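Single-structure report; data block below.
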Amino acid sequence: ILNVEQSPQSLHVQEGDSTNFTCSFPSSNFYALHWYRWETAKSPEALFVMTLNGDEKKKGRISATLNTKEGYSYLYIKGSQPEDSATYLCALEQAGTALIFGKGTTLSVSS
Amino acid sequence: KAGVTQTPRYLIKTRGQQVTLSCSPISGHRSVSWYQQTPGQGLQFLFEYFSETQRNKGNFPGRFSGRQFSNSRSEMNVSTLELGDSALYLCASSLYTGGKRGYTFGSGTRLTVV
């Protein structure tokens, strides 16, 4: 059974702090790694889709890196704001399969 | 453009009953997948449909079934409901663009089994 692990499970930071989360996955049959942002009572919002080893993506204050050889991805948030409070999900896509999700990292940002 | 629409948003059913959930994908998306989230668990993959055919299936009992219509709308059915089926059910439609597959999720159906 494939396992996608995310750490930490939850995180509480102050406004302005920078933070990062980890997503670990089996590197065999890798096709793509997806990151989502999920706010309560809303639908998960796609942040990044990364396919190549060494990929780096950036969207505003949020960025992500990918290492397919060792099976991990980092998500960084620079200068966290209260509106960044959400659960951040990573999901592994293997060739010919649907998404396999981690349990997520719940971020809480205090002002 | 319209997003992924799931109906109903909330549902309360009794053990032993059956339930049907609906998902309307983004126009032009031919793939629809379904996921279940229970407390403390991540999103668990149920099944995926493409052009009316089930393409992948997760590790769920046969009480969980689905189908896709010619307009790409999908339904999932759970028969003989159990208390443990209480969960948030999400569907996503997807499309390959530029060598990558983008998934767009609906807001989900919250099912409570009493």
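The chains in the structure tokens are called A, B, ... from first to last as shown; in each chain the residues are counted from 1, and the ligands are counted from 1 in the order shown.
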_Please list as a PyMOL selection string every residue within 7 Å of Thr109 (chain B), counting only C-alpha atoms and excluding residues in the same chain fewer than 2 positions away._
chain B and resi 6-10+88-90+111
*asked:* Using DSSP assignments from the backbone, pull out every residue in chain B that falls under strand (DSSP E or B) and give it to me as a ChimeraX atom specification.
replied: /B:5-7,10-13,19-24,31-37,44-50,53-57,64-68,74-78,87-97,100-105,109-113
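Residues in contact range of Ser85 (chain A), defined as at most 10 Å between only C-alpha atoms, with sequence neighbours fewer than 6 positions away removed, read A:Leu11, A:His12, A:Val13, A:Arg37, A:Trp38, A:Glu39, A:Thr40, A:Thr106, A:Leu107, A:Ser108, A:Val109, A:Ser110.
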Restricted to C-alpha atoms, what would the selected residues look like written as a PDB file, in the first residue's frame?
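Generated file (again_36.pdb):
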```
ATOM      1  CA  LEU A  11       1.644  24.035  12.947  1.00  0.00           C
ATOM      2  CA  HIS A  12       0.920  27.311  14.691  1.00  0.00           C
ATOM      3  CA  VAL A  13       2.932  30.400  13.733  1.00  0.00           C
ATOM      4  CA  ARG A  37      -4.641  24.363  -0.069  1.00  0.00           C
ATOM      5  CA  TRP A  38      -7.878  23.500   1.714  1.00  0.00           C
ATOM      6  CA  GLU A  39      -9.789  26.009   3.770  1.00  0.00           C
ATOM      7  CA  THR A  40     -12.618  24.909   5.997  1.00  0.00           C
ATOM      8  CA  THR A 106      -2.895  22.212   9.226  1.00  0.00           C
ATOM      9  CA  LEU A 107      -1.431  25.693   9.494  1.00  0.00           C
ATOM     10  CA  SER A 108      -2.777  28.295  11.889  1.00  0.00           C
ATOM     11  CA  VAL A 109      -1.429  31.849  11.658  1.00  0.00           C
ATOM     12  CA  SER A 110      -2.089  34.266  14.509  1.00  0.00           C
TER      13      SER A 110
END
```
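The shell of residues at most 7 Å from region 51-62 of chain A, with only C-alpha atoms counted and near chain neighbours (fewer than 3 positions) removed, consists of Tyr31, Ala32, Leu33, Phe48, Thr65, Leu66, Asn67, Thr68, Tyr76, Ile77 and Lys78 of chain A.
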So that each row is one residue of chain A with an atom at most 12 Å from chain B, can you give its shortest atom pair and the distance in Å to one decimal, using only C-alpha atoms, rows by chain and rising number, as JSON lines?
```
{"residue": "A:Ile1", "atom": "CA", "partner": "B:Asn59", "partner_atom": "CA", "distance": 10.0}
{"residue": "A:Leu2", "atom": "CA", "partner": "B:Gln44", "partner_atom": "CA", "distance": 11.7}
{"residue": "A:Asn3", "atom": "CA", "partner": "B:Gly42", "partner_atom": "CA", "distance": 10.8}
{"residue": "A:Val4", "atom": "CA", "partner": "B:Gly42", "partner_atom": "CA", "distance": 9.7}
{"residue": "A:Glu5", "atom": "CA", "partner": "B:Gly42", "partner_atom": "CA", "distance": 10.2}
{"residue": "A:Gln6", "atom": "CA", "partner": "B:Gly42", "partner_atom": "CA", "distance": 10.4}
{"residue": "A:Gln9", "atom": "CA", "partner": "B:Gly40", "partner_atom": "CA", "distance": 10.6}
{"residue": "A:Tyr31", "atom": "CA", "partner": "B:Lys100", "partner_atom": "CA", "distance": 9.2}
{"residue": "A:Ala32", "atom": "CA", "partner": "B:Lys100", "partner_atom": "CA", "distance": 7.9}
{"residue": "A:Leu33", "atom": "CA", "partner": "B:Lys100", "partner_atom": "CA", "distance": 10.2}
{"residue": "A:His34", "atom": "CA", "partner": "B:Gly102", "partner_atom": "CA", "distance": 8.9}
{"residue": "A:Trp35", "atom": "CA", "partner": "B:Tyr103", "partner_atom": "CA", "distance": 10.7}
{"residue": "A:Tyr36", "atom": "CA", "partner": "B:Tyr103", "partner_atom": "CA", "distance": 9.9}
{"residue": "A:Arg37", "atom": "CA", "partner": "B:Phe105", "partner_atom": "CA", "distance": 11.3}
{"residue": "A:Trp38", "atom": "CA", "partner": "B:Ser107", "partner_atom": "CA", "distance": 10.2}
{"residue": "A:Glu39", "atom": "CA", "partner": "B:Ser107", "partner_atom": "CA", "distance": 10.5}
{"residue": "A:Thr40", "atom": "CA", "partner": "B:Ser107", "partner_atom": "CA", "distance": 10.0}
{"residue": "A:Ala41", "atom": "CA", "partner": "B:Ser107", "partner_atom": "CA", "distance": 7.3}
{"residue": "A:Lys42", "atom": "CA", "partner": "B:Ser107", "partner_atom": "CA", "distance": 5.6}
{"residue": "A:Ser43", "atom": "CA", "partner": "B:Ser107", "partner_atom": "CA", "distance": 4.3}
{"residue": "A:Pro44", "atom": "CA", "partner": "B:Phe105", "partner_atom": "CA", "distance": 6.1}
{"residue": "A:Glu45", "atom": "CA", "partner": "B:Thr104", "partner_atom": "CA", "distance": 7.4}
{"residue": "A:Ala46", "atom": "CA", "partner": "B:Thr104", "partner_atom": "CA", "distance": 7.2}
{"residue": "A:Leu47", "atom": "CA", "partner": "B:Gly102", "partner_atom": "CA", "distance": 10.2}
{"residue": "A:Phe48", "atom": "CA", "partner": "B:Gly102", "partner_atom": "CA", "distance": 9.2}
{"residue": "A:Val49", "atom": "CA", "partner": "B:Lys100", "partner_atom": "CA", "distance": 7.3}
{"residue": "A:Met50", "atom": "CA", "partner": "B:Lys100", "partner_atom": "CA", "distance": 8.3}
{"residue": "A:Thr51", "atom": "CA", "partner": "B:Lys100", "partner_atom": "CA", "distance": 7.8}
{"residue": "A:Leu52", "atom": "CA", "partner": "B:Lys100", "partner_atom": "CA", "distance": 11.0}
{"residue": "A:Thr87", "atom": "CA", "partner": "B:Gly42", "partner_atom": "CA", "distance": 11.0}
{"residue": "A:Tyr88", "atom": "CA", "partner": "B:Gly42", "partner_atom": "CA", "distance": 11.3}
{"residue": "A:Leu89", "atom": "CA", "partner": "B:Gly42", "partner_atom": "CA", "distance": 8.8}
{"residue": "A:Cys90", "atom": "CA", "partner": "B:Gly42", "partner_atom": "CA", "distance": 10.2}
{"residue": "A:Ala91", "atom": "CA", "partner": "B:Leu43", "partner_atom": "CA", "distance": 9.4}
{"residue": "A:Leu92", "atom": "CA", "partner": "B:Phe45", "partner_atom": "CA", "distance": 11.7}
{"residue": "A:Glu93", "atom": "CA", "partner": "B:Arg101", "partner_atom": "CA", "distance": 9.2}
{"residue": "A:Gln94", "atom": "CA", "partner": "B:Arg101", "partner_atom": "CA", "distance": 11.3}
{"residue": "A:Ala95", "atom": "CA", "partner": "B:Arg101", "partner_atom": "CA", "distance": 11.0}
{"residue": "A:Gly96", "atom": "CA", "partner": "B:Asn56", "partner_atom": "CA", "distance": 8.2}
{"residue": "A:Thr97", "atom": "CA", "partner": "B:Asn56", "partner_atom": "CA", "distance": 6.6}
{"residue": "A:Ala98", "atom": "CA", "partner": "B:Glu48", "partner_atom": "CA", "distance": 7.1}
{"residue": "A:Leu99", "atom": "CA", "partner": "B:Phe45", "partner_atom": "CA", "distance": 7.1}
{"residue": "A:Ile100", "atom": "CA", "partner": "B:Phe45", "partner_atom": "CA", "distance": 6.9}
{"residue": "A:Phe101", "atom": "CA", "partner": "B:Leu43", "partner_atom": "CA", "distance": 5.8}
{"residue": "A:Gly102", "atom": "CA", "partner": "B:Gly42", "partner_atom": "CA", "distance": 5.8}
{"residue": "A:Lys103", "atom": "CA", "partner": "B:Gly42", "partner_atom": "CA", "distance": 4.0}
{"residue": "A:Gly104", "atom": "CA", "partner": "B:Gly42", "partner_atom": "CA", "distance": 7.0}
{"residue": "A:Thr105", "atom": "CA", "partner": "B:Gly42", "partner_atom": "CA", "distance": 10.5}
```
*asked:* Please report the interatomic distance between CA of Ser18 (chain A) and CA of Phe30 (chain A) in Å with one decimal.
replied: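 Atom-to-atom, CA of Ser18 (chain A) and CA of Phe30 (chain A) are spaced 29.1 Å apart.
The interatomic distance for the pair CA of Gly71 (chain A) and CA of Ser10 (chain A) works out to 21.2 Å.
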_What's around region 60-68 of chain B at 6 Å? Count only C-alpha atoms, leave out sequence neighbours fewer than 4 positions away in its own chain, and write the answer as an NGL selection string._
:B and (52 or 72-79)
*Any idea what the distance is between CA of Gly16 (chain A) and CA of Ser63 (chain A)?*
15.8 Å
